[in-house]
Number of protein chains: 2
Amino acid sequence: MRWDIIELLFFAYRDFVGDADNELEAFGFGRAHHRVLHFVHRYPGLKVADLLDVLRITKQSLGRVLKQLLDEGYIVQRTGNNDRRQRLLYATAKGEALVGRLAGLQTDRINRALGGIGSDGADSVRKFLRAMIDHDDPDKVLATILETGGATAKDKDKA
Amino acid sequence: MRWDIIELLFFAYRDFVGDADNELEAFGFGRAHHRVLHFVHRYPGLKVADLLDVLRITKQSLGRVLKQLLDEGYIVQRTGNNDRRQRLLYATAKGEALVGRLAGLQTDRINRALGGIGSDGADSVRKFLRAMIDHDDPDKVLATILETGGATAKDKDKA
DNA sequence: AAGATATGTCAATATGGCTGACATAAACTT
DNA sequence: AAGTTTATGTCAGCCATATTGACATATCTT
């Protein structure tokens, strides 16, 4: 039994998401909002169904949170060009700023943690995390990540 | 920005906890039950306040779940010897069996993921996860983990 | 004895998720 | 053109898990 990793994962993830939680509270948002905004920002033009797939939630659940983000100007939606039924989702500048802020906190934590294990170690972590994920039947976003090793068009801000 | 690790962590943790979730459903339990049972099993003799600290929840939240686990025979509580106000918590054989089952699933996933990175890589993962955790003001369990590097008396079943 | 602490309970509320049902608009198929 | 399917949205009720506030009893400490 790998109790060591099981428990480290619990505490690590708790603190990792805790960074954002504290910040989100000020906006009256929670984790669900963060997730939606994150993926909309990182994968602009996602349709609603894509997001449901990624997050593995129902449209009612998504609707609740998405509506708030739309109403408050963090996300805009556009009708699809090829299929006018679709609603393609994009983060606004306001939304990007918020995602950036949250990701900054999380990145700080990650960089501190990576700081002690060198680039080979960082490689191992990426390999490990990647291998922890089920690869069968990936949603659109995960498929993108798995086929690019994590590098995407939106990674230009990896400064 | 470490978008790569941020996203890998999201999906990895989702799938990691998903293993247990599916199994828990059959018992009419959820994540909260799993967490409680896990720590009670791994750190027998925890008092209620310790558990509140570890899980960072209120006694009302804990009470709901703990009561179910007590009523259904997964956990027993004993009055403290030095302080009769305390309720020390222990997993029953039934409780241990369930934890073992859940941890087995998670361990399989972890071992598969570790299988690709060798023992140096595994070391790096442990160091990384450990460094991802806030070390200030640790609760009783985390303090134990941090000072022993994850090896505890209950690790004899690391077969 | 007075004050502090460990635990437990009641009650109302919040976040985020679910199921079922229904609706409209748009696209596809016949 | 009509019928069928699909993309999205909404209403409603319920659930899991967590919170806050208040209060209570038993036990320990001063």
# chains A, B, ... in the order shown; residues from 1 in each chain; ligands from 1

call {"tool": "closest_atom_pairs", "arguments": {"of": "chain A", "to": "chain C", "cutoff": "8 Å", "atoms": "only C-alpha atoms (C1' of nucleotides)", "output": "JSON lines"}}
result
{"residue": "A:Gly30", "atom": "CA", "partner": "C:DT15", "partner_atom": "C1'", "distance": 7.4}
{"residue": "A:Ala32", "atom": "CA", "partner": "C:DG16", "partner_atom": "C1'", "distance": 7.0}
{"residue": "A:Ile57", "atom": "CA", "partner": "C:DG17", "partner_atom": "C1'", "distance": 7.4}
{"residue": "A:Thr58", "atom": "CA", "partner": "C:DC18", "partner_atom": "C1'", "distance": 7.8}
{"residue": "A:Ser61", "atom": "CA", "partner": "C:DG17", "partner_atom": "C1'", "distance": 6.3}
{"residue": "A:Asp83", "atom": "CA", "partner": "C:DA26", "partner_atom": "C1'", "distance": 7.4}
{"residue": "A:Arg84", "atom": "CA", "partner": "C:DA26", "partner_atom": "C1'", "distance": 6.5}
{"residue": "A:Arg85", "atom": "CA", "partner": "C:DA26", "partner_atom": "C1'", "distance": 5.5}

call {"tool": "interface_residues", "arguments": {"of": "chain D", "to": "chain A", "cutoff": "12 Å", "atoms": "only C-alpha atoms (C1' of nucleotides)", "output": "number ranges by chain"}}
result
D: 6-12

call {"tool": "interface_residues", "arguments": {"of": "chain A", "to": "chain B", "cutoff": "7 Å", "atoms": "only C-alpha atoms", "output": "NGL selection string"}}
result
:A and (1-2 or 4-5 or 8-9 or 11-12 or 15 or 103-104 or 107 or 109-110 or 113-114 or 117 or 121 or 124-126 or 128-134 or 150 or 157-159)

call {"tool": "atom_distance", "arguments": {"atom1": "CA of Asn82 (chain A)", "atom2": "CA of Pro44 (chain A)"}}
result
16.3 Å

call {"tool": "atom_distance", "arguments": {"atom1": "CA of Val36 (chain B)", "atom2": "CA of Thr79 (chain B)"}}
result
18.4 Å

call {"tool": "select_by_dssp", "arguments": {"residues": "chain A", "states": "strand (DSSP E)", "output": "list in words"}}
result
Leu46, Lys47, Ile75, Val76, Gln77, Arg78, Thr79, Arg87, Leu88, Leu89, Tyr90 and Ala91 of chain A

call {"tool": "write_last_selection", "arguments": {"atoms": "all heavy atoms", "output": "short mmCIF file (atom, residue, chain, number, x, y, z; two decimals), in the first residue's frame"}}
result
data_model
loop_
_atom_site.label_atom_id
_atom_site.label_comp_id
_atom_site.auth_asym_id
_atom_site.auth_seq_id
_atom_site.Cartn_x
_atom_site.Cartn_y
_atom_site.Cartn_z
N LEU A 46 -14.20 26.98 -26.46
CA LEU A 46 -14.87 25.73 -26.06
C LEU A 46 -16.37 25.91 -26.19
O LEU A 46 -16.91 26.95 -25.86
CB LEU A 46 -14.57 25.41 -24.59
CG LEU A 46 -13.26 24.77 -24.16
CD1 LEU A 46 -13.33 24.45 -22.67
CD2 LEU A 46 -12.99 23.50 -24.96
N LYS A 47 -17.02 24.87 -26.65
CA LYS A 47 -18.48 24.93 -26.61
C LYS A 47 -18.98 24.38 -25.28
O LYS A 47 -18.21 23.73 -24.56
CB LYS A 47 -19.11 24.21 -27.80
CG LYS A 47 -18.59 22.82 -28.03
CD LYS A 47 -19.31 22.16 -29.20
CE LYS A 47 -18.78 20.75 -29.37
NZ LYS A 47 -19.73 19.84 -29.98
N ILE A 75 -16.81 36.09 -18.56
CA ILE A 75 -16.89 35.24 -19.74
C ILE A 75 -17.91 35.83 -20.71
O ILE A 75 -18.91 36.40 -20.29
CB ILE A 75 -17.33 33.80 -19.35
CG1 ILE A 75 -16.19 33.07 -18.63
CG2 ILE A 75 -17.74 33.00 -20.58
CD1 ILE A 75 -16.53 31.68 -18.17
N VAL A 76 -17.60 35.70 -22.01
CA VAL A 76 -18.60 36.04 -23.04
C VAL A 76 -18.84 34.80 -23.89
O VAL A 76 -17.97 33.93 -23.99
CB VAL A 76 -18.14 37.18 -23.97
CG1 VAL A 76 -18.14 38.50 -23.23
CG2 VAL A 76 -16.79 36.87 -24.59
N GLN A 77 -20.00 34.74 -24.48
CA GLN A 77 -20.27 33.61 -25.36
C GLN A 77 -20.65 34.13 -26.74
O GLN A 77 -21.25 35.19 -26.87
CB GLN A 77 -21.33 32.70 -24.77
CG GLN A 77 -22.69 33.29 -24.56
CD GLN A 77 -23.63 32.29 -23.87
OE1 GLN A 77 -23.21 31.26 -23.35
NE2 GLN A 77 -24.91 32.60 -23.88
N ARG A 78 -20.25 33.38 -27.73
CA ARG A 78 -20.55 33.74 -29.12
C ARG A 78 -21.18 32.57 -29.83
O ARG A 78 -20.81 31.42 -29.59
CB ARG A 78 -19.26 34.12 -29.86
CG ARG A 78 -18.65 35.38 -29.31
CD ARG A 78 -17.51 35.86 -30.21
NE ARG A 78 -16.64 36.72 -29.41
CZ ARG A 78 -15.31 36.69 -29.46
NH1 ARG A 78 -14.70 35.86 -30.28
NH2 ARG A 78 -14.59 37.50 -28.71
N THR A 79 -22.08 32.89 -30.70
CA THR A 79 -22.73 31.85 -31.50
C THR A 79 -21.71 31.26 -32.48
O THR A 79 -20.88 31.97 -33.03
CB THR A 79 -23.88 32.50 -32.31
OG1 THR A 79 -24.80 33.09 -31.40
CG2 THR A 79 -24.58 31.48 -33.15
N ARG A 87 -22.74 27.65 -28.44
CA ARG A 87 -22.31 28.83 -27.72
C ARG A 87 -20.84 28.64 -27.40
O ARG A 87 -20.47 27.81 -26.57
CB ARG A 87 -23.09 28.97 -26.41
CG ARG A 87 -24.59 29.12 -26.58
CD ARG A 87 -24.95 30.46 -27.20
NE ARG A 87 -26.39 30.54 -27.40
CZ ARG A 87 -27.03 30.18 -28.51
NH1 ARG A 87 -26.34 29.69 -29.53
NH2 ARG A 87 -28.32 30.26 -28.61
N LEU A 88 -20.01 29.40 -28.09
CA LEU A 88 -18.57 29.29 -27.87
C LEU A 88 -18.15 30.27 -26.77
O LEU A 88 -18.60 31.41 -26.75
CB LEU A 88 -17.82 29.58 -29.18
CG LEU A 88 -18.33 28.77 -30.37
CD1 LEU A 88 -17.51 29.07 -31.62
CD2 LEU A 88 -18.31 27.27 -30.07
N LEU A 89 -17.34 29.77 -25.90
CA LEU A 89 -17.03 30.53 -24.69
C LEU A 89 -15.62 31.13 -24.69
O LEU A 89 -14.65 30.47 -25.06
CB LEU A 89 -17.19 29.61 -23.47
CG LEU A 89 -18.58 28.95 -23.38
CD1 LEU A 89 -18.56 27.85 -22.33
CD2 LEU A 89 -19.64 29.98 -23.04
N TYR A 90 -15.54 32.38 -24.24
CA TYR A 90 -14.26 33.08 -24.17
C TYR A 90 -14.16 33.86 -22.88
O TYR A 90 -15.13 34.45 -22.42
CB TYR A 90 -14.13 34.06 -25.35
CG TYR A 90 -14.22 33.40 -26.70
CD1 TYR A 90 -15.47 33.19 -27.29
CD2 TYR A 90 -13.08 32.96 -27.36
CE1 TYR A 90 -15.57 32.57 -28.52
CE2 TYR A 90 -13.17 32.32 -28.59
CZ TYR A 90 -14.42 32.13 -29.17
OH TYR A 90 -14.51 31.50 -30.38
N ALA A 91 -12.98 33.89 -22.32
CA ALA A 91 -12.77 34.72 -21.14
C ALA A 91 -12.59 36.17 -21.56
O ALA A 91 -11.96 36.45 -22.58
CB ALA A 91 -11.53 34.25 -20.37
#
